[in-house]
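Asker: Contents of run_36.pdb (PDB, C-alpha atoms and all ligand atoms) are below:
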ATOM      1  CA  MET V   1       0.000   0.000   0.000
ATOM      2  CA  ARG V   2       1.205   3.473  -0.870
ATOM      3  CA  THR V   3       2.174   6.115   1.609
ATOM      4  CA  VAL V   4       0.662   9.490   0.743
ATOM      5  CA  TYR V   5       1.078  12.972   2.219
ATOM      6  CA  VAL V   6      -1.872  14.922   3.618
ATOM      7  CA  ASN V   7      -1.484  18.228   5.447
ATOM      8  CA  GLY V   8       1.853  17.509   7.067
ATOM      9  CA  ASN V   9       1.420  13.779   7.659
ATOM     10  CA  TYR V  10       2.660  10.687   5.860
ATOM     11  CA  VAL V  11      -0.147   8.118   6.025
ATOM     12  CA  PRO V  12      -1.197   4.879   4.314
ATOM     13  CA  GLU V  13      -3.422   5.748   1.336
ATOM     14  CA  ASP V  14      -6.536   4.168   2.896
ATOM     15  CA  GLU V  15      -6.190   6.342   5.996
ATOM     16  CA  ALA V  16      -5.798   9.636   4.120
ATOM     17  CA  THR V  17      -8.796  11.952   4.429
ATOM     18  CA  VAL V  18      -9.818  15.415   3.251
ATOM     19  CA  SER V  19     -12.873  17.342   4.495
ATOM     20  CA  ILE V  20     -16.126  17.193   2.472
ATOM     21  CA  PHE V  21     -16.077  21.008   2.828
ATOM     22  CA  ASP V  22     -12.784  21.269   0.993
ATOM     23  CA  ARG V  23     -13.034  23.980  -1.673
ATOM     24  CA  GLY V  24     -11.168  21.791  -4.121
ATOM     25  CA  PHE V  25     -14.035  19.303  -3.818
ATOM     26  CA  LEU V  26     -16.892  21.857  -3.803
ATOM     27  CA  PHE V  27     -15.614  24.549  -6.199
ATOM     28  CA  GLY V  28     -12.655  23.076  -8.060
ATOM     29  CA  ASP V  29     -10.778  25.752  -6.095
ATOM     30  CA  ALA V  30      -7.436  23.960  -6.235
ATOM     31  CA  ILE V  31      -4.301  23.782  -8.292
ATOM     32  CA  TYR V  32      -1.943  20.923  -9.019
ATOM     33  CA  GLU V  33       1.383  19.870 -10.484
ATOM     34  CA  VAL V  34       2.588  16.570 -11.907
ATOM     35  CA  THR V  35       6.336  15.949 -11.707
ATOM     36  CA  SER V  36       7.813  12.908 -13.401
ATOM     37  CA  VAL V  37      10.169  10.466 -11.737
ATOM     38  CA  LEU V  38      12.947   8.746 -13.695
ATOM     39  CA  ASP V  39      15.483   6.456 -11.999
ATOM     40  CA  GLY V  40      13.913   7.516  -8.683
ATOM     41  CA  LYS V  41      14.729  11.196  -9.382
ATOM     42  CA  LEU V  42      12.544  14.213 -10.120
ATOM     43  CA  ILE V  43      12.491  15.776 -13.574
ATOM     44  CA  ASP V  44      12.544  19.588 -13.754
ATOM     45  CA  PHE V  45      11.415  20.155 -10.168
ATOM     46  CA  PRO V  46      12.323  23.899 -10.258
ATOM     47  CA  GLY V  47      10.141  24.359 -13.366
ATOM     48  CA  HIS V  48       7.158  22.771 -11.648
ATOM     49  CA  THR V  49       7.543  24.811  -8.455
ATOM     50  CA  ALA V  50       7.895  28.021 -10.483
ATOM     51  CA  ARG V  51       4.621  27.269 -12.278
ATOM     52  CA  LEU V  52       2.998  26.274  -8.971
ATOM     53  CA  HIS V  53       3.753  29.762  -7.641
ATOM     54  CA  ARG V  54       2.287  31.352 -10.779
ATOM     55  CA  SER V  55      -0.936  29.336 -10.279
ATOM     56  CA  LEU V  56      -1.077  30.234  -6.561
ATOM     57  CA  ASP V  57      -0.531  33.929  -7.336
ATOM     58  CA  ALA V  58      -3.130  33.950 -10.120
ATOM     59  CA  LEU V  59      -5.764  32.635  -7.681
ATOM     60  CA  GLY V  60      -4.558  34.639  -4.669
ATOM     61  CA  MET V  61      -3.972  31.443  -2.676
ATOM     62  CA  SER V  62      -1.588  31.379   0.254
ATOM     63  CA  PHE V  63       0.775  28.472   0.723
ATOM     64  CA  PRO V  64       3.075  28.198   3.716
ATOM     65  CA  MET V  65       5.569  25.581   2.505
ATOM     66  CA  SER V  66       8.930  26.533   1.010
ATOM     67  CA  ASP V  67      10.232  24.987  -2.210
ATOM     68  CA  GLU V  68      12.792  23.121  -0.068
ATOM     69  CA  ASP V  69       9.977  21.660   2.102
ATOM     70  CA  LEU V  70       8.126  20.610  -1.043
ATOM     71  CA  LEU V  71      11.206  18.993  -2.520
ATOM     72  CA  ALA V  72      11.743  17.075   0.717
ATOM     73  CA  VAL V  73       8.158  15.748   0.647
ATOM     74  CA  HIS V  74       8.470  14.740  -3.040
ATOM     75  CA  ARG V  75      11.694  12.882  -2.295
ATOM     76  CA  GLU V  76      10.327  11.252   0.852
ATOM     77  CA  LEU V  77       7.298   9.880  -1.030
ATOM     78  CA  VAL V  78       9.433   8.614  -3.914
ATOM     79  CA  SER V  79      11.695   6.908  -1.422
ATOM     80  CA  ARG V  80       8.969   5.459   0.857
ATOM     81  CA  ASN V  81       7.078   4.079  -2.143
ATOM     82  CA  ALA V  82      10.238   2.939  -3.940
ATOM     83  CA  VAL V  83       9.182   4.641  -7.182
ATOM     84  CA  THR V  84      11.775   4.321  -9.924
ATOM     85  CA  GLU V  85       9.571   5.491 -12.807
ATOM     86  CA  GLY V  86       6.299   7.366 -12.542
ATOM     87  CA  LEU V  87       5.065  10.626 -11.118
ATOM     88  CA  VAL V  88       4.407  12.690  -8.036
ATOM     89  CA  TYR V  89       1.033  14.454  -7.968
ATOM     90  CA  LEU V  90       0.722  17.584  -5.808
ATOM     91  CA  GLN V  91      -2.573  19.348  -5.125
ATOM     92  CA  ILE V  92      -3.188  22.479  -3.081
ATOM     93  CA  SER V  93      -6.693  23.749  -2.406
ATOM     94  CA  ARG V  94      -7.822  26.942  -0.709
ATOM     95  CA  GLY V  95      -8.844  24.795   2.292
ATOM     96  CA  ALA V  96     -12.085  23.747   3.961
ATOM     97  CA  ALA V  97     -14.850  26.106   5.084
ATOM     98  CA  ASP V  98     -18.657  26.342   4.979
ATOM     99  CA  ARG V  99     -19.812  26.430   1.369
ATOM    100  CA  ASP V 100     -19.704  30.039   0.188
ATOM    101  CA  PHE V 101     -18.759  31.575  -3.153
ATOM    102  CA  LEU V 102     -16.777  34.132  -1.191
ATOM    103  CA  PHE V 103     -13.344  32.916  -0.133
ATOM    104  CA  PRO V 104     -12.978  31.872   3.518
ATOM    105  CA  ALA V 105     -11.230  34.054   6.067
ATOM    106  CA  LYS V 106      -7.467  34.213   5.671
ATOM    107  CA  ASP V 107      -6.700  31.832   8.559
ATOM    108  CA  VAL V 108      -8.100  28.756   6.779
ATOM    109  CA  PRO V 109      -5.079  26.590   6.003
ATOM    110  CA  PRO V 110      -4.740  25.250   2.457
ATOM    111  CA  THR V 111      -5.215  21.515   1.921
ATOM    112  CA  VAL V 112      -1.984  19.954   0.680
ATOM    113  CA  VAL V 113      -2.016  16.467  -0.788
ATOM    114  CA  LEU V 114       0.773  14.559  -2.535
ATOM    115  CA  PHE V 115       0.862  11.014  -3.816
ATOM    116  CA  THR V 116       2.962   8.930  -6.174
ATOM    117  CA  GLN V 117       1.874   6.834  -9.130
ATOM    118  CA  GLU V 118       4.056   4.292 -10.879
ATOM    119  CA  LYS V 119       4.004   4.585 -14.667
ATOM    120  CA  THR V 120       6.163   3.380 -17.520
ATOM    121  CA  LEU V 121       7.483   6.558 -19.085
ATOM    122  CA  VAL V 122      10.492   5.690 -21.245
ATOM    123  CA  GLU V 123       9.407   2.390 -22.830
ATOM    124  CA  ASN V 124       5.953   3.769 -23.553
ATOM    125  CA  ALA V 125       4.011   1.652 -26.077
ATOM    126  CA  LEU V 126       1.956   4.602 -27.326
ATOM    127  CA  ALA V 127       5.054   6.656 -28.034
ATOM    128  CA  LYS V 128       6.417   3.789 -30.146
ATOM    129  CA  ARG V 129       3.192   3.242 -32.059
ATOM    130  CA  GLY V 130       2.213   6.940 -32.303
ATOM    131  CA  GLN V 131      -1.048   8.484 -31.153
ATOM    132  CA  LYS V 132      -4.308   8.813 -33.024
ATOM    133  CA  VAL V 133      -5.870  12.135 -32.162
ATOM    134  CA  VAL V 134      -9.338  13.533 -32.744
ATOM    135  CA  THR V 135     -10.287  17.181 -32.416
ATOM    136  CA  ALA V 136     -12.942  18.782 -30.217
ATOM    137  CA  ASP V 137     -14.147  22.310 -29.516
ATOM    138  CA  ASP V 138     -12.152  23.874 -26.715
ATOM    139  CA  LEU V 139     -14.969  24.569 -24.256
ATOM    140  CA  ARG V 140     -12.718  24.978 -21.206
ATOM    141  CA  TRP V 141     -12.720  28.189 -19.177
ATOM    142  CA  ARG V 142     -10.394  30.778 -20.661
ATOM    143  CA  ARG V 143      -7.684  30.685 -17.984
ATOM    144  CA  CYS V 144      -5.968  27.555 -19.224
ATOM    145  CA  ASP V 145      -2.646  29.069 -18.116
ATOM    146  CA  ILE V 146      -3.565  28.320 -14.476
ATOM    147  CA  LYS V 147      -3.094  24.646 -13.623
ATOM    148  CA  THR V 148      -6.413  24.150 -11.807
ATOM    149  CA  VAL V 149      -8.091  20.820 -11.073
ATOM    150  CA  GLN V 150     -11.059  21.829 -13.262
ATOM    151  CA  LEU V 151     -10.354  19.109 -15.815
ATOM    152  CA  LEU V 152     -13.899  17.983 -16.639
ATOM    153  CA  TRP V 153     -13.999  19.072 -20.289
ATOM    154  CA  ALA V 154     -10.631  17.495 -21.020
ATOM    155  CA  SER V 155     -11.773  14.310 -19.295
ATOM    156  CA  LEU V 156     -15.110  14.220 -21.182
ATOM    157  CA  VAL V 157     -13.563  14.681 -24.624
ATOM    158  CA  LYS V 158     -10.759  12.207 -23.907
ATOM    159  CA  ASN V 159     -13.338   9.569 -22.970
ATOM    160  CA  GLU V 160     -15.313  10.308 -26.148
ATOM    161  CA  ALA V 161     -12.087  10.031 -28.147
ATOM    162  CA  LYS V 162     -11.350   6.644 -26.599
ATOM    163  CA  ALA V 163     -14.876   5.443 -27.458
ATOM    164  CA  ARG V 164     -14.132   6.447 -31.080
ATOM    165  CA  GLY V 165     -10.900   4.424 -31.127
ATOM    166  CA  ALA V 166      -8.550   7.397 -30.693
ATOM    167  CA  ASP V 167      -5.864   7.964 -28.059
ATOM    168  CA  ASP V 168      -6.196  11.665 -27.330
ATOM    169  CA  VAL V 169      -7.846  14.955 -28.224
ATOM    170  CA  TRP V 170      -6.524  18.207 -29.648
ATOM    171  CA  MET V 171      -8.744  21.123 -28.765
ATOM    172  CA  VAL V 172      -9.713  23.819 -31.228
ATOM    173  CA  LEU V 173     -10.621  27.426 -30.459
ATOM    174  CA  ASP V 174     -11.766  29.806 -33.238
ATOM    175  CA  GLY V 175     -10.521  27.349 -35.872
ATOM    176  CA  LEU V 176      -7.041  27.044 -34.336
ATOM    177  CA  VAL V 177      -5.541  24.210 -32.268
ATOM    178  CA  THR V 178      -4.907  25.219 -28.656
ATOM    179  CA  GLU V 179      -3.422  22.090 -27.029
ATOM    180  CA  GLY V 180      -4.053  18.441 -26.212
ATOM    181  CA  SER V 181      -6.275  17.197 -23.365
ATOM    182  CA  SER V 182      -3.269  17.171 -21.012
ATOM    183  CA  ASN V 183      -0.338  18.114 -23.232
ATOM    184  CA  ASN V 184       0.954  20.769 -25.622
ATOM    185  CA  ALA V 185       0.519  20.289 -29.387
ATOM    186  CA  TYR V 186       3.095  20.674 -32.185
ATOM    187  CA  ILE V 187       3.469  20.124 -35.907
ATOM    188  CA  VAL V 188       6.626  19.847 -38.003
ATOM    189  CA  GLN V 189       6.618  21.467 -41.432
ATOM    190  CA  GLY V 190       8.192  19.938 -44.542
ATOM    191  CA  ASP V 191      11.304  22.116 -44.032
ATOM    192  CA  GLY V 192      11.709  20.747 -40.477
ATOM    193  CA  THR V 193      10.406  23.842 -38.673
ATOM    194  CA  ILE V 194       8.494  23.068 -35.484
ATOM    195  CA  VAL V 195       5.282  25.041 -35.024
ATOM    196  CA  THR V 196       3.521  25.336 -31.660
ATOM    197  CA  ARG V 197       1.045  27.814 -30.226
ATOM    198  CA  SER V 198       2.607  30.680 -28.309
ATOM    199  CA  ILE V 199       2.084  31.029 -24.558
ATOM    200  CA  SER V 200      -1.116  32.828 -23.550
ATOM    201  CA  SER V 201      -4.133  32.194 -21.323
ATOM    202  CA  ASP V 202      -5.386  29.765 -24.018
ATOM    203  CA  ILE V 203      -2.870  27.059 -23.073
ATOM    204  CA  LEU V 204      -0.860  25.746 -20.157
ATOM    205  CA  ALA V 205       2.792  26.750 -20.345
ATOM    206  CA  GLY V 206       4.177  23.209 -20.324
ATOM    207  CA  ILE V 207       7.381  22.601 -18.395
ATOM    208  CA  THR V 208       8.189  19.912 -20.958
ATOM    209  CA  ARG V 209       7.416  22.429 -23.740
ATOM    210  CA  THR V 210      10.133  24.784 -22.461
ATOM    211  CA  ALA V 211      12.648  21.930 -22.172
ATOM    212  CA  VAL V 212      11.824  20.452 -25.597
ATOM    213  CA  LEU V 213      12.008  23.819 -27.385
ATOM    214  CA  LYS V 214      15.443  24.284 -25.788
ATOM    215  CA  CYS V 215      16.489  20.850 -27.118
ATOM    216  CA  ALA V 216      15.200  21.863 -30.571
ATOM    217  CA  GLU V 217      17.211  25.078 -30.426
ATOM    218  CA  GLU V 218      20.360  23.168 -29.490
ATOM    219  CA  LEU V 219      19.787  20.831 -32.447
ATOM    220  CA  GLY V 220      19.510  23.852 -34.747
ATOM    221  CA  VAL V 221      15.850  23.119 -35.521
ATOM    222  CA  SER V 222      13.866  26.308 -36.065
ATOM    223  CA  VAL V 223      10.731  26.928 -34.024
ATOM    224  CA  GLU V 224       7.767  29.128 -34.905
ATOM    225  CA  GLU V 225       5.476  30.007 -32.011
ATOM    226  CA  ARG V 226       2.091  30.572 -33.608
ATOM    227  CA  ALA V 227      -1.291  28.914 -33.821
ATOM    228  CA  PHE V 228      -2.178  26.461 -36.626
ATOM    229  CA  THR V 229      -5.392  25.027 -38.041
ATOM    230  CA  VAL V 230      -6.428  21.364 -38.047
ATOM    231  CA  ALA V 231      -6.042  21.354 -41.850
ATOM    232  CA  GLU V 232      -2.461  22.622 -41.550
ATOM    233  CA  ALA V 233      -1.728  19.924 -38.969
ATOM    234  CA  GLN V 234      -3.206  17.222 -41.190
ATOM    235  CA  ALA V 235      -0.972  18.367 -44.064
ATOM    236  CA  ALA V 236       2.162  18.595 -41.870
ATOM    237  CA  ALA V 237       5.177  16.287 -42.142
ATOM    238  CA  GLU V 238       4.898  15.302 -38.468
ATOM    239  CA  ALA V 239       2.936  16.042 -35.343
ATOM    240  CA  PHE V 240       3.585  15.401 -31.657
ATOM    241  CA  SER V 241       2.619  16.392 -28.138
ATOM    242  CA  THR V 242       4.611  17.014 -24.954
ATOM    243  CA  SER V 243       3.865  16.609 -21.260
ATOM    244  CA  ALA V 244       5.623  15.649 -18.042
ATOM    245  CA  THR V 245       4.390  12.061 -18.227
ATOM    246  CA  GLY V 246       4.238  11.651 -22.026
ATOM    247  CA  PHE V 247       7.614  13.316 -22.723
ATOM    248  CA  VAL V 248       7.593  13.802 -26.528
ATOM    249  CA  ASN V 249       4.763  11.720 -27.955
ATOM    250  CA  PRO V 250       4.407  11.339 -31.752
ATOM    251  CA  VAL V 251       0.968  11.869 -33.329
ATOM    252  CA  ILE V 252       0.295   9.758 -36.436
ATOM    253  CA  GLU V 253      -3.311  10.588 -37.230
ATOM    254  CA  ILE V 254      -5.628  13.572 -36.782
ATOM    255  CA  ASP V 255      -9.382  13.100 -37.323
ATOM    256  CA  GLY V 256      -8.728   9.980 -39.422
ATOM    257  CA  VAL V 257      -6.085  11.636 -41.650
ATOM    258  CA  ALA V 258      -2.597  10.089 -41.527
ATOM    259  CA  ILE V 259       0.210  12.550 -40.741
ATOM    260  CA  GLY V 260       3.178  12.151 -43.101
ATOM    261  CA  ASP V 261       3.620   8.439 -43.718
ATOM    262  CA  GLY V 262       1.428   7.570 -40.725
ATOM    263  CA  LYS V 263       4.381   6.579 -38.542
ATOM    264  CA  PRO V 264       6.189   8.432 -35.723
ATOM    265  CA  GLY V 265       8.327  11.071 -37.432
ATOM    266  CA  PRO V 266      12.115  11.485 -37.160
ATOM    267  CA  VAL V 267      12.030  14.949 -35.562
ATOM    268  CA  ALA V 268       9.647  13.804 -32.808
ATOM    269  CA  GLN V 269      11.633  10.622 -32.196
ATOM    270  CA  ARG V 270      14.938  12.472 -32.033
ATOM    271  CA  LEU V 271      13.519  15.091 -29.667
ATOM    272  CA  ARG V 272      12.107  12.338 -27.470
ATOM    273  CA  GLU V 273      15.515  10.682 -27.196
ATOM    274  CA  ILE V 274      17.315  13.938 -26.463
ATOM    275  CA  TYR V 275      14.677  15.081 -23.991
ATOM    276  CA  ILE V 276      14.954  11.794 -22.067
ATOM    277  CA  GLU V 277      18.750  11.957 -22.114
ATOM    278  CA  THR V 278      18.969  15.567 -20.886
ATOM    279  CA  SER V 279      16.197  15.205 -18.280
ATOM    280  CA  ARG V 280      17.795  12.060 -16.941
ATOM    281  CA  ALA V 281      21.133  13.842 -16.572
ATOM    282  CA  ALA V 282      19.563  16.876 -14.846
ATOM    283  CA  ALA V 283      17.063  15.005 -12.596
ATOM    284  CA  ILE V 284      17.438  15.590  -8.863
TER     285      ILE V 284
HETATM  286  N1  LIG L 301      -0.811  17.751 -17.718
HETATM  287  N2  LIG L 301      -1.523  21.303 -21.275
HETATM  288  C1  LIG L 301      -2.373  20.771 -20.387
HETATM  289  C2  LIG L 301      -3.814  21.116 -20.486
HETATM  290  C3  LIG L 301      -1.898  19.900 -19.380
HETATM  291  O1  LIG L 301      -2.770  19.381 -18.495
HETATM  292  C4  LIG L 301      -0.516  19.584 -19.338
HETATM  293  C5  LIG L 301       0.062  18.670 -18.294
HETATM  294  C6  LIG L 301       0.338  20.160 -20.305
HETATM  295  C7  LIG L 301       1.815  19.882 -20.322
HETATM  296  O2  LIG L 301       2.467  20.477 -19.221
HETATM  297  P1  LIG L 301       3.809  19.826 -18.639
HETATM  298  O3  LIG L 301       4.750  19.691 -19.769
HETATM  299  O4  LIG L 301       4.256  20.785 -17.626
HETATM  300  O5  LIG L 301       3.412  18.473 -18.064
HETATM  301  C8  LIG L 301      -0.204  21.013 -21.239
HETATM  302  C9  LIG L 301      -0.376  16.844 -16.659
HETATM  303  C10 LIG L 301       0.757  15.964 -17.073
HETATM  304  C11 LIG L 301      -1.574  16.079 -16.131
HETATM  305  O6  LIG L 301      -2.605  16.709 -15.992
HETATM  306  O7  LIG L 301      -1.467  14.882 -15.845
END
Kindly return the structure encoded in the file as C-alpha cells.
Answerer:
Amino acid sequence: MRTVYVNGNYVPEDEATVSIFDRGFLFGDAIYEVTSVLDGKLIDFPGHTARLHRSLDALGMSFPMSDEDLLAVHRELVSRNAVTEGLVYLQISRGAADRDFLFPAKDVPPTVVLFTQEKTLVENALAKRGQKVVTADDLRWRRCDIKTVQLLWASLVKNEAKARGADDVWMVLDGLVTEGSSNNAYIVQGDGTIVTRSISSDILAGITRTAVLKCAEELGVSVEERAFTVAEAQAAAEAFSTSATGFVNPVIEIDGVAIGDGKPGPVAQRLREIYIETSRAAAI
C-alpha cells in the first residue's frame, strides 16, 4: 500500500482523508502539479515549483511551505514508495470552510495532498506506435494558463475520443488548435520547422514544452510560435505532443487523416531521445 502525504502527515493511502467542505471538492478551487520520476529522481522540479507559484498567485492562494519543504516531501514519497519510474502528484486547495462563493477568512489553512503513481514513461508503447488524435471544440474556461483541477472538459472529450478508437484529443478554439487534453501540441513542417502555439491564457505553459524547445534550439531546428489550423496539422510532415508524463509523444493521425507516412516522425523521435537523455542527466 502506498504512503501518501496529507497536510503535514505521511499516512497509508486508505487512511488519508480530506474534508467534504474542501473547496477543491466543492468549487474546483485547487491547483496541481505533476512531476515525473525517472530512476527515482525528479524531472525539472524547479520548473514545476515556479509554475505552482504562478498558479497560486493567479488565484490569490496562500501556501506556507517553502520549495525546499516541497522537494523534501516529493523525495520522501518517492523513497517510501520505492518509485523508480512514474510521477508525483501535488494538489493544493484553498482549504475547507462552509460552502460560500466568497473565499474563507485568511486563517483557513490550504489543503496539501501529494501522492505517487508508478508509470512506464520511457518504454511507452503509445510513443512507439504513435497516437491517433481527434479534435474537439475547446470549451474549457479561458484561464488555461492556471493549472487548476477543473479538468472535466478534457476528461469528457478524452473519454469520447477513446470510445471512437482514438488515443487523445486536440482542442480547437476559433478554428485554431490550442493544445491536447493534457499536453501541448506541435506540428513539423516539410522544411523541419516546429510550429507550436505561443504562450497565452489559451494554453498551459508546459514545463516539458520549455525543455523540448530548448532541445530543438540546441539541435539547430527552427521553431515558430504561432497557432495552426487542423487542416495545416493534417498536411504537416509530423505532429507530436509534450507533457511531463508523455515526454515527446508522436501523433500519427488527426481526425482519421494520416500525418506524413502515418508513422512516428524522425524529428519527434529524435527530440524524445534527447529530452529523455537531458532530463535524466539533470534530474534531482
Ligand atoms: N498535464 N496542457 C495541459 C492542459 C496539461 O494538463 C498539461 C500537463 C500540459 C503539459 O504540461 P507539462 O509539460 O508541464 O506536463 C499542457 C499533466 C501531465 C496532467 O494533468 O497529468
Asker: Using only C-alpha atoms, which of the listed residues (V:Gln91, V:Ser222, V:Asn183, V:Thr196) sits closest to Val248 in chain V?
Answerer: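 Comparing V:Gln91, V:Ser222, V:Asn183, V:Thr196 against Val248 in chain V, the winner is V:Asn183.
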Asker: At a cut-off of 7 Å from (-1.2, 20.4, -0.3) in the coordinates of the file, what residues are picked up using all atoms listed in the file, written as a list in words?
Answerer: Val6, Asn7, Leu90, Gln91, Ile92, Ser93, Pro110, Thr111, Val112, Val113 and Leu114 of chain V
Asker: List as a PyMOL selection string the protein and nucleic acid residues near Ala96 in chain V, meaning an atom at most 12 Å away when only C-alpha atoms are counted, but skip any in the same chain fewer than 5 places from it.
Answerer: chain V and resi 18-27+29-30+103-112
Asker: Between V:His48, V:Lys147, V:Arg140, V:His74, single out the one closest to Ile207 in chain V, counting all atoms listed in the file.
Answerer: V:His48
Asker: Draw an axis-aligned box tight on the listed atoms of ligand LIG 301 (chain L), then pad every side by 8 Å and write out centre and edge lengths in Å to one decimal as AutoDock Vina command-line options.
Answerer:
--center_x 0.5 --center_y 18.1 --center_z -18.6 --size_x 24.6 --size_y 22.4 --size_z 21.4
Asker: At a cut-off of 9 Å from (3.5, 11.2, -33.4) in the coordinates of the file, what residues are picked up using only C-alpha atoms, written as an MDAnalysis selection string?
Answerer: chainID V and resid 127:132 238:241 248:253 259 262:265 268:269
Asker: So what does the PyMOL selection byres (((not hetatm)) within 8 of (chain L and resi 301)) actually pick up in this one, as a list in words?
Answerer: Glu33, Val34, Thr35, His48, Cys144, Lys147, Ala154, Glu179, Gly180, Ser181, Ser182, Asn183, Asn184, Ile203, Leu204, Ala205, Gly206, Ile207, Thr208, Arg209, Thr210, Thr242, Ser243, Ala244, Thr245, Gly246 and Phe247 of chain V
Asker: Let me see the file: selected residues, C-alpha atoms, as a compact mmCIF listing (two decimals), in the coordinates of the input.
Answerer:
# COMPACT_ATOMS: atom_id res chain seq x y z
CA GLU V 33 1.38 19.87 -10.48
CA VAL V 34 2.59 16.57 -11.91
CA THR V 35 6.34 15.95 -11.71
CA HIS V 48 7.16 22.77 -11.65
CA CYS V 144 -5.97 27.56 -19.22
CA LYS V 147 -3.09 24.65 -13.62
CA ALA V 154 -10.63 17.50 -21.02
CA GLU V 179 -3.42 22.09 -27.03
CA GLY V 180 -4.05 18.44 -26.21
CA SER V 181 -6.28 17.20 -23.36
CA SER V 182 -3.27 17.17 -21.01
CA ASN V 183 -0.34 18.11 -23.23
CA ASN V 184 0.95 20.77 -25.62
CA ILE V 203 -2.87 27.06 -23.07
CA LEU V 204 -0.86 25.75 -20.16
CA ALA V 205 2.79 26.75 -20.34
CA GLY V 206 4.18 23.21 -20.32
CA ILE V 207 7.38 22.60 -18.40
CA THR V 208 8.19 19.91 -20.96
CA ARG V 209 7.42 22.43 -23.74
CA THR V 210 10.13 24.78 -22.46
CA THR V 242 4.61 17.01 -24.95
CA SER V 243 3.86 16.61 -21.26
CA ALA V 244 5.62 15.65 -18.04
CA THR V 245 4.39 12.06 -18.23
CA GLY V 246 4.24 11.65 -22.03
CA PHE V 247 7.61 13.32 -22.72
Asker: Could you list, as a list in words, every residue matched by the PyMOL selection byres (((chain V and resi 148) around 8) and not hetatm) in this structure?
Answerer: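 Selected by the PyMOL selection byres (((chain V and resi 148) around 8) and not hetatm) here: Gly28, Asp29, Ala30, Ile31, Tyr32, Ser55, Ile146, Lys147, Val149, Gln150 and Leu151 of chain V.
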Asker: Could you list, as a VMD selection string, every residue within 9 Å of range 155-160 of chain V, counting only C-alpha atoms and ignoring same-chain residues fewer than 4 positions away?
Answerer: chain V and resid 135 to 136 151 164 to 169 181
